Each structure stands twice: as structure tokens, then as C-alpha cells.
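Novice: Okay, handing you the structure first.
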Amino acid sequence: MTKTFEEINRKIKQGDAVVLTAEQMIDYVRENGSKKAAKDIDVVTTGTFGAMCSSGAMLNFGHADPPIKMQKVWLNDVEAYTGIAAVDAYIGATQLSESEGIKYGGGHVIEDLISGKDVELRATSYGTDCYPRKKITTNLALDDLNEAYLLNPRNCYQNYAVATNSTDKTIYTYMGKLLPNFGNANYTTASQLSPLINDPYLETIGIGTRIFVGGAQGHIIGEGTQHNVKVQRKNGIPVGPGATLSVRANLRDCLTKYLAGASYTGYGTSLMVGIGVPIPILNEDIAKRTAIDDSQIYTKVLDYSLPSRSKPTLKTVNYEELRSGAIEINGKEIKTSSMGSLKKSREIANLLKKWIEKGSFTLTAPVAKFPQSECRDMKHKVSYVRDITKKTPVVGLDDTLEKVSRLAVEKGVDHLPVVENNKLAGIITTWDITRAVAKGGKELRKVMTTNVITARPEEGIQVVAERLKKHGISAMPVVDESKKVLGVVTVEEIAKLAK
Amino acid sequence: MTKRYMLKFGKEVEDPVLAECILETKALIRIIKAEADGKAVVEFPAKKEKEVLAFLHERGVDAYELKKKVKLDIDLCVDCGSCISVCPTNALSFDKNKKLVFDEEKCVLCRKCIDACPRKALSLVDF
């Protein structure tokens, strides 16, 4: 049983199309099988709502009189990019307010425009014969603009990692607030409802596909940036980031309910975007794939405390586990949070379903399919801690200070990691020993520093150099996941590299 | 008008102090939460504050007024749930429709959720 876009559209116009949300499709296929589902069901609707940083709006303000060729422009003190024609500008979601910082940014400007609020435009220029004006300040609302389009270079990641934090300090990331010692774990996708999970090989989606964007009928204009199809898959679904979408919609048709500014403490601003993609059930394979459920969709739990591209994978989990509210890491129950709203994702899938059922939304066959592209990291010279880690002697927790000082002298080192059961327990410096002698301290465990600042072999040199500087220290032990000492990294070695 | 206090019972307090306090002061004390480590959060009418505090002081119970509370602005909330995993007492959770709900009674004012909300929908307000 196969169908075409034209056949489905005919049914939509007649009001006869059978539409299910991706969640309803799971039950339908379970009860009736994929063969019957392919015959009975015409469209499956998907939905997702969450922060999508690679978002923004292209705006045209109209010309002032005398006119200005804007060289710099700010909207509510958030700079927009105007390296294009005179009064065109692109306001990006993550650009921060110059006065308010992380509290307010491009995403909030977009939300304010949609809600009908006035936004202060301030622009400067060098002035030309044809554009003599050098500055302007005025208040504008969405209705005062010419074109105002949401133009998002990358939305709707097919899948994404789960973030957690192994260190003893809270960290603030684009994956939200991560509590110390694996205190929580955050994930982002709408999983079984998510658009690109329901069409994992992008068989029905491409350039020109009409979709739901931020409450409006918008379009997919191409693959998103960092689009990646060369990925590890499980049950057909990438285990981690994969395909992405670039989308466009008229800001005037968008609603703040589905397009909202966001501010992540310690990280920055973003735009929460609602997207719904209709999947035409053209054949049984497509029907089968839209019936995938959370238990079949996997992703990796990564340690986000390592600010490097190669974050340690702690385990692989499925979304049924994540949605249960807790996952287990190292024998400990850890609470999970979604960064996106499942409630709104469902609303979007249901709204899109209603639009199709009443004939106000028809399907579009893609004008062209996406390329089979791969996402690579930046080409540049990278140096890792492992490249400059030096071997180091270590001392045992029960060693005498005398033995420790003798070892320091013999080996000509100032820092000695202290280990217990093959794990880092502390660090002792020659200065610690000197002080101990002066004050009459005898036991190593009382003289050493136990709160040791450490580095991991896979960390970048720059990050570690910053850490040394921040703590005012000249060396630190390099340890693996199990806290086994691999060596030391010193300021001298980093300085050598800089030369 | 009610007042909210965090009470810390020392190890030596073995009598049913709160029950005696209620009988003595005739204050309607509501126990919002009691923990195994000798801490409790209680609420009572503001007009009984002096009497209740005097009684508790005499019996060696430390009392700290909780002047602030966490407030969820549902107009700003987008039901993402970013706050759920940082909440140690499950005061923030989803209802069956995945709508975010805040159970004030479970909140221990740890404030971890406030800077975890990307919509700034959670804030500390005067109680």
C-alpha cells in the first residue's frame, strides 16, 4: 500500500484525511499492525518545544528621512547584525543586552515584538552622500516594520545528549543547571513526538516542506547547520545529535505561546521554539517508523563538567527511563529534567492535526532532499593535557614526611600526589613540608591538601591553563575517571608550548 | 495573617514540646513538615507569635522565621520542567498532563530552582 502527497492532499481538502499524532500512532500500530496503519492513516503529526539557540529574525525597519545606512543597530540594547543593506538587520537569539546581560537577549526581543510591545531601535553610521544620517533612535512595534521573518539556521536536533556533572561544584551550561556529584541530569528532545525522530532518514522532509513554526505555518528552507547523517544509530534513530532543520516563518503569524525568550543563568539567552512537522504516511516503512516509542530511542549521558568536545560517556539510556523522572548512574538514582516542554510538544502535534483535519493545512512534497552531509569540528591546532602530562612519583597516605621530603629531593619535584588504593587522596608540596617542619606537624594526612584541583588527560590546554591561574597554583595532578593519577601538568610545560 | 517558622529541636528535647506549646498558648500550630534530623516547619497565627516563641525559647527550641517563599509565575512558565531535577523535595513536579505544579508545602526554600528557570518564572517573595 503506497500513497502520494497528491492523494493525501485531496483527502485533506475533502475533509477525509485520517490524522494521528505520533503518540497516538504508537498505539494504533501496536493494535492494528503497520500494514493496516499504512492503509488507514494519512498523516502523523509531530511536535517539539524547547530552547533552540540557532534562531533569530530578519527584520527590515523601513528607511528614515534623511536616510541612514545602519552600521550598528541595537534593539532594546541588544545588538543586531546589519552588515547587509541599509535598514536590514538580523537579530540573533543568543545576543545579550549590553545593559542587562544574560537576563535579556535577542530571544526576548523577538518575544516582545510578537507580543506587540514597542522595541527601542538605536542605530549609528558613518554617513554617506546617499545616506547622510549618522544616528537614529526610535520606538518600533512589529506592525511598524516591513518584513519580519523568523529565520532559524539550526532547529530541531534529531536527538541530543543527556547532561550531568561529576564535579563537586554546580555548573551552569546550555543544558541548564547541573548540580554537583551527579545531582541531576538534563535532556532536551521531545523523543517519541519529535519531528526528526519520526522520519529518521528524512524520507518525507526536505526543502520547502510546510511545517508549524512558533504558532505559524512556516517552511523548512534547508538542512540546518551542523546537519549530520553519518551517525551511530540504534533502531534507526541517531544515538545523539543527527539531522537538523533550517526554518522560516512570518513573525506576524507567530504566537508567544510557541516562541518565547529564555535566559539560562551563567550561560546566556536563547529562544524557545515550537515546531511541528507533518509526516505523510506514504508507505508501510514510514508508518512503522512513526510508531517508534520512547523505549526504542537511545541517547548518551555525558559528563558536562569537562568543557571539551570529547566529554566522557557515562552510559546509554532510553527516553522511557529519562521520562520516568530518574536514571541510575554509578548505583545512585539521579533526578532528570527535560529542558523542553512535553506539554507544549503535545499541544503542537494536536494543533497541527486539527489544522490538517479541517483542511487549513496541506502537505508539500520537498522541492529537494537534504545532502548526506557530515558535521566536523573546527580545523585548528589542538593541544590536550595528555600531550604534556609528565610522569610523577607518588606517595602513599601512610608514608612519613621524612620519606616524602627525601623523594621530593631525589626526584627534584615540588608537587607529590598522595594516593590511597590507587586513587588520588591529596597533594603535598615542598612548601607544605617546610611549613610542617616549622610547626612540628608529623602526619602526612594532616599536612597535605585534600581538596585537590585536578586535570583530565582529554581536556584542552587552554582550559587547564585558566584553571591553574584561577587557583594560583603551578601544577596539578592529571587523573582518569577513577581518580587514578596519570601524571602532573605544570605551568612550565604549558609555557614551553606557548613558545 | 500567619507566620512560618523553622524549628530546631536540640537532642535533649524529648518531651512532646509542640503539643505542650499548643495546649499552653492555645495557638493553632500547623506542622507543615517534620524531619528526622530534629527540624520542623510550622505555621501559626501572627497574633500568637510572641507567646509561641517565648514558650519554645524556654524549652530550648531554636526558632527561625521563614520570611520568604518561592513563587511560581504560571504566566511565564512554559512547563519545560528544567526546575524539577534540581528540587530536592519534589515540590516541583509535573501533573498527569505534564503541566508544571508547585507544591508550596513541600518547598524547603533551598532556592536551587530559582536560577535554574530559563523563564525567570520562579522567584523569592515575601511570605
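To be explicit about the labels: the chains of the C-alpha cells are called A, B, and onward in the order shown, and within each one the residues are counted from 1, while ligands get numbers from 1 in the order they are shown.
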As a ChimeraX atom specification, please: all residues of range 213-453 of chain A that backbone DSSP puts in helix (DSSP H, G or I).
Specialist: /A:251-253,284-290,294-296,319-323,342-357,385-388,401-411,430-439,444-447
Novice: Find the residues around range 47-51 of chain B up to 8 Å (only C-alpha atoms counted), leave out those fewer than 5 positions away in its own chain, and share them as a PyMOL selection string.
Specialist: chain B and resi 3+25+27
Novice: Which is closest to chain A among B:Lys67, B:His57, B:Arg111, B:Lys98, if we use only C-alpha atoms?
Specialist: B:Lys98
Novice: Select, from A:Val479, A:Leu497, A:Leu302, A:Ile292, the residue with the minimum atom-to-atom distance to Asp27 in chain A, counting only C-alpha atoms.
Specialist: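 Of all the options, A:Ile292 lies closest to Asp27 in chain A.
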Novice: Write down, as number ranges by chain, each residue of chain B that has any atom within 6 Å of an atom of chain A, counting only C-alpha atoms.
Specialist: B: 79-82, 84-85, 98, 115-116, 118-119
Novice: Could you write out, as an mmCIF file with C-alpha atoms, in the first residue's frame, all the residues of chain B that DSSP marks as strand (DSSP E)?
Specialist:
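Okay, states.cif is ready:
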data_model
loop_
_atom_site.group_PDB
_atom_site.id
_atom_site.type_symbol
_atom_site.label_atom_id
_atom_site.label_comp_id
_atom_site.auth_asym_id
_atom_site.auth_seq_id
_atom_site.Cartn_x
_atom_site.Cartn_y
_atom_site.Cartn_z
ATOM 1 C CA THR B 2 0.150 33.686 59.653
ATOM 2 C CA LYS B 3 3.826 33.294 60.410
ATOM 3 C CA ARG B 4 6.066 30.488 59.299
ATOM 4 C CA TYR B 5 8.979 29.258 61.389
ATOM 5 C CA MET B 6 11.668 26.652 61.039
ATOM 6 C CA LEU B 7 12.166 24.937 64.402
ATOM 7 C CA LYS B 8 15.306 23.149 65.503
ATOM 8 C CA PHE B 9 14.863 20.752 68.400
ATOM 9 C CA ARG B 30 0.124 23.666 61.823
ATOM 10 C CA ILE B 31 3.055 21.345 61.214
ATOM 11 C CA ILE B 32 3.966 21.747 57.580
ATOM 12 C CA LYS B 33 6.904 19.422 57.655
ATOM 13 C CA ALA B 34 8.857 17.476 60.221
ATOM 14 C CA LYS B 39 13.864 20.126 62.206
ATOM 15 C CA ALA B 40 10.280 21.152 61.570
ATOM 16 C CA VAL B 41 8.488 23.862 59.651
ATOM 17 C CA VAL B 42 5.375 25.197 61.373
ATOM 18 C CA GLU B 43 2.798 27.878 60.767
ATOM 19 C CA PHE B 44 0.665 29.731 63.325
ATOM 20 C CA PRO B 45 -1.393 32.934 63.613
ATOM 21 C CA VAL B 61 13.862 25.037 70.806
ATOM 22 C CA ASP B 62 15.508 27.353 68.278
ATOM 23 C CA ALA B 63 13.061 29.135 66.006
ATOM 24 C CA TYR B 64 13.898 30.913 62.758
ATOM 25 C CA GLU B 65 11.286 32.890 60.918
ATOM 26 C CA LYS B 68 10.386 34.443 52.147
ATOM 27 C CA LYS B 69 8.721 31.905 49.936
ATOM 28 C CA VAL B 70 9.219 30.693 46.412
ATOM 29 C CA LYS B 71 6.570 31.808 43.957
ATOM 30 C CA LEU B 72 5.837 30.309 40.542
ATOM 31 C CA LEU B 92 8.195 20.963 41.680
ATOM 32 C CA SER B 93 6.755 18.232 39.501
ATOM 33 C CA PHE B 94 4.528 17.515 36.518
ATOM 34 C CA LEU B 100 4.309 22.024 35.987
ATOM 35 C CA VAL B 101 2.902 22.220 39.505
ATOM 36 C CA PHE B 102 4.489 23.761 42.557
ATOM 37 C CA LEU B 122 10.416 31.262 39.923
ATOM 38 C CA SER B 123 11.260 33.964 42.409
ATOM 39 C CA LEU B 124 11.651 34.582 46.101
ATOM 40 C CA VAL B 125 8.881 36.759 47.517
ATOM 41 C CA ASP B 126 7.921 37.932 50.985
#
Novice: Counting only C-alpha atoms, what is within 10 Å of Leu121 in chain A, bar same-chain residues fewer than 5 positions away, as a list in words?
Specialist: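 Neighbouring residues, sequence-local ones excluded: Phe61, Val73, Trp74, Leu75, Asn76, Asp77, Val78, Glu79, Ile136, Thr137, Thr138, Asn139, Leu140 and Ala141 of chain A.
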Novice: Quick one: residues within 12 Å of Asp88 in chain A, only C-alpha atoms counted, chain neighbours fewer than 3 positions away excluded, as a PyMOL selection string?
Specialist: chain A and resi 57-63+68-73+80-85+91+123+145-149
Novice: Find the spatial neighbours of Glu6 in chain A, counting only C-alpha atoms, within a cut-off of 10 Å - ignore same-chain residues fewer than 5 positions away - and output them as a list in words.
Specialist: Lys11, Ile12, Thr362, Leu363, Thr364 and Ala365 of chain A
Novice: Mind giving me the straight-line distance from CA of Leu202 in chain A to CA of Pro366 in chain A in Å, one decimal?
Specialist: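 Spanning CA of Leu202 in chain A to CA of Pro366 in chain A is a straight-line distance of 10.3 Å.
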